[in-house]
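Chemist: Below: one structure in structure tokens.
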Amino acid sequence: MASLLDMNPRLVPARVDDDSGPEDVAQEETATTMPGPGKGLPQRLAGDKNLLRVLEESALDTNSDPVASASSLNLPAILTSERVRRRSDISRIRPTAAAGPPSLNESEAIELPVINERASATGASTAVRDAASITFREDALGASKSAGDPEIAPSFPSSLAPSVLAEDETSSTAPALSAAQRAVHRRKSLVHFLALCGCVFCMGWNDGTTGPMLPRIQANYHVNFAVVSLLFVFNTIGFISGAFANIYLTDRFGFGKVLVMGSLCQVAAYAMLSPAGPFPLMCAAFVAIGFGLSLQNAHCNGFVASLKRSSHTKMGFLHGSYGLGALVSPLVATQFAQSATHWSFHYLISMGLYIVNTFVLWTVFRGRLQQEVMEDEGESGATENAVDTNKYKQVLGLKEVHVLSMFSLIYVGLEVTMGGWSVTYILERRNGDSNSGYIASGFFGGLMLGRILLMWLNKKIGERLALFLYALLAIFVEVTVWVVPSLIENAIAVSFVGLLLGPMYPILMNHSTTILPRWLLTACMGYIAAVGLAGSAILPFLTGLLASKFGIASLQPFVVSMMSTLIVIWAVIPRARFVPT
């Protein structure tokens with residue numbers, strides 16, 4: 001046995017001297033047992049008569065050549081990967097003797113099994129061998145002195161050749177998509193995104209309606225600031241109810257169906273508002289509006305935030321569509337607010353928009369789960385790792401969620417307060433006329449442009465620093481509205497405040513994806529958005545209370561103080577970090 005035995009002296013068998021007695025022979029036979037993984041090999045191969053015969057005859061070999069002796073097989077417990085590779089690549093088999101048993105002076109070639117080498121978790125190599133899958137060829141048992149002593153490679157399944165297959169077994173690559181498949185994915189992704197933008201546009205339409213309609217509602221129902229502010233309180237009840245119902249409804253019905261439910265709630269609410277019924281009926285309608293908006297807002301933000309391709313850019317355009325809806329709505333609502341008898345017909349237009357929105361959402365998403373929709377456009381759907389656990393407890397147990405929710409509450413409250421009460425402020429403090437409702441359009445127009453035009457600055461200086469900059473500039477501009485008694489200057493300044501406030505909400509949603517767990521992202525987004533929508537009711541309500549006691553002039557100091565609070569909360573929010581997916 002020349003090749004392997006010369007290279008590794010540990011494989012050289014011990015020599016049996018001519019004067020060995022029976023006791024020595026027995027000891028040598030005992031020594032043939034393999035250490036380590038090969039221990040007990042003769043017992044496992046007792047049925048192979050040829051191999052046992054070879055082992056017995058090798059133990060009695062009196063050849064003085066220690067290399068040719070095979071009385072003891074002292075195999076190592078661990079074979080290196082280099083030797084495994086050599087054994088799997090070299091197969092030199094000597095022909096079997098034509099007739100008769102081999103003589104005692106002939107060295108026997110014994111086929112050695114390949115030991116599968118694997119790396120353990122600590123980096124150390126361990127030899128693992130499946131004896132049941134190793135077969136020995138009988139033609140490897142014959143030997144010829146002239147043919148030398150080659151190392152005989154056993155026949156083994158391909159899974160036992162780690163040097164060849166380990167990389168192939170552990171590595172996997174996704175199949176390459178053709179150009180046609182990528183085009184189909186892009187088209188479906190665009191259709192899904194446009195449907196969500198249409199949904200958010202309707203949300204902006206709803207919020208932009210309130211400001212111009214407030215003076216007409218006060219005049220029609222003969223109520224003061226405090227009473228008309230109850231509309232925001234009941235809206236808050238709907239928002240909070242929708243936030244907690246969203247988790248249950250999503251687990252039970254899924255993404256597509258919950259979106260349609262929210263849109264149908266809006267249709268029912270506007271049907272209640274259009275006849276200009278009693279004030280309690282209007283309050284009940286605002287509860288339904290808040291509930292529907294909460295469901296839609298959560299899923300629109302959660303879906304876009306879960307995307308892996310251009311999610312930040314799409315988030316900016318998504319909320320830009322909100323600004324577009326809030327820009328167009330006051331232009332229409334102002335015309336209806338000037339009529340003392342048909343002002344409530346504006347809600348018929350809103351109901352028609354939401355009927356179209358419901359049809360589009362059902363046609364595009366077909367009531368499917370979010371994971372199915374994302375896979376349909378080539379995105380990897382997020383796996384719900386915590387399906388069997390209490391999601392309410394998980395969401396409410398994250399302190400980051402509560403900090404983000406507090407920021408959302410103040411920001412959305414500021415947004416609606418500026419868009420709603422600014423019209424009343426201009427009417428009373430700057431002696432504006434009925435066309436003052438267009439100031440709300442200027443504010444929401446600036447909001448839309450800020451979310452789209454300032455995306456490049458967000459990427460250039462970083463979103464965290466950009467938000468501090470926008471907040472400081474917004475405070476400065478709002479102070480000018482407070483101290484400069486000019487109608488034109490105030491109208492322009494309000495538009496610039498909208499421009500600076502616009503990017504803040506998309507930045508907040510983008511930042512949420514960097515600090516919140518992926519499997520809870522939609523639930524967390526729903527909670528954050530719902531608390532924010534609650535802020536759109538709480539802060540305007542507080543503004544109404546302050547206005548009823550101190551006059552509408554209290555609006556500007558209240559707004560400035562809330563902007564300053566935004567800076568403090570943003571400084572407390574954790575920075576971006578790695579989150580589990």
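Here, A, B, ... name the chains of the structure tokens in the order displayed, residue numbers run from 1 inside each chain, and ligands are numbered from 1 in the same displayed order.
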Would you mind listing what lies within 7 Å of range 455-470 of chain A as a PyMOL selection string, with only C-alpha atoms counted and same-chain residues fewer than 4 positions away left out?

Modeler: chain A and resi 451+474+500-501+504+507+567

Chemist: I'd like the neighbourhood of range 193-201 of chain A as number ranges by chain, where a residue qualifies if any of its atoms comes within 8 Å (using only C-alpha atoms), though same-chain residues fewer than 2 positions away should be ignored.

Modeler: A: 189-191, 203-205, 296-297, 300, 304, 317-319, 321-326, 357, 360-361, 364

Chemist: Of the candidates A:Met448, A:Leu348, A:Leu508, A:Val494, which shows the shortest atom-to-atom distance to Met418 in chain A, using only C-alpha atoms?

Modeler: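 Closest residue, counting only C-alpha atoms: A:Val494.
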
Chemist: Pick out the residues sitting within 8 Å of Gln370 in chain A, and hand them over as a PyMOL selection string; count only C-alpha atoms, and ignore anything fewer than 4 positions along from it in its own chain.

Modeler: chain A and resi 254-256+303+374+381

Chemist: Would you give me, as JSON lines, each residue of range 211-237 of chain A having an atom within 6 Å of an atom of range 539-545 of chain A, along with its shortest atom pair and that distance in Å to one decimal, using only C-alpha atoms and sorting by chain and residue number?

Modeler:
```
{"residue": "A:Phe225", "atom": "CA", "partner": "A:Gly544", "partner_atom": "CA", "distance": 5.1}
{"residue": "A:Ala226", "atom": "CA", "partner": "A:Leu545", "partner_atom": "CA", "distance": 5.3}
{"residue": "A:Ser229", "atom": "CA", "partner": "A:Phe541", "partner_atom": "CA", "distance": 4.9}
{"residue": "A:Phe232", "atom": "CA", "partner": "A:Phe541", "partner_atom": "CA", "distance": 6.0}
```

Chemist: Quick one: pull the distance between CA of Thr565 in chain A and CA of Glu415 in chain A, Å, one decimal.

Modeler: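 Between CA of Thr565 in chain A and CA of Glu415 in chain A the gap is 14.2 Å.
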
Chemist: Skipping near chain neighbours, those fewer than 6 positions away, what residues fall within 12 Å of Leu214 in chain A using only C-alpha atoms, listed as a VMD selection string?

Modeler: chain A and resid 207 to 208 220 to 225 227 to 232 330 333 to 334 336 to 338 343 to 344 417 419 to 425 437 540 544

Chemist: Rank A:Leu520, A:Ala534, A:Met315, A:Val572 by their smallest atom-to-atom distance to Lys391 in chain A, using only C-alpha atoms, and report the top residue only.

Modeler: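 Result for the nearest residue to Lys391 in chain A: A:Leu520.
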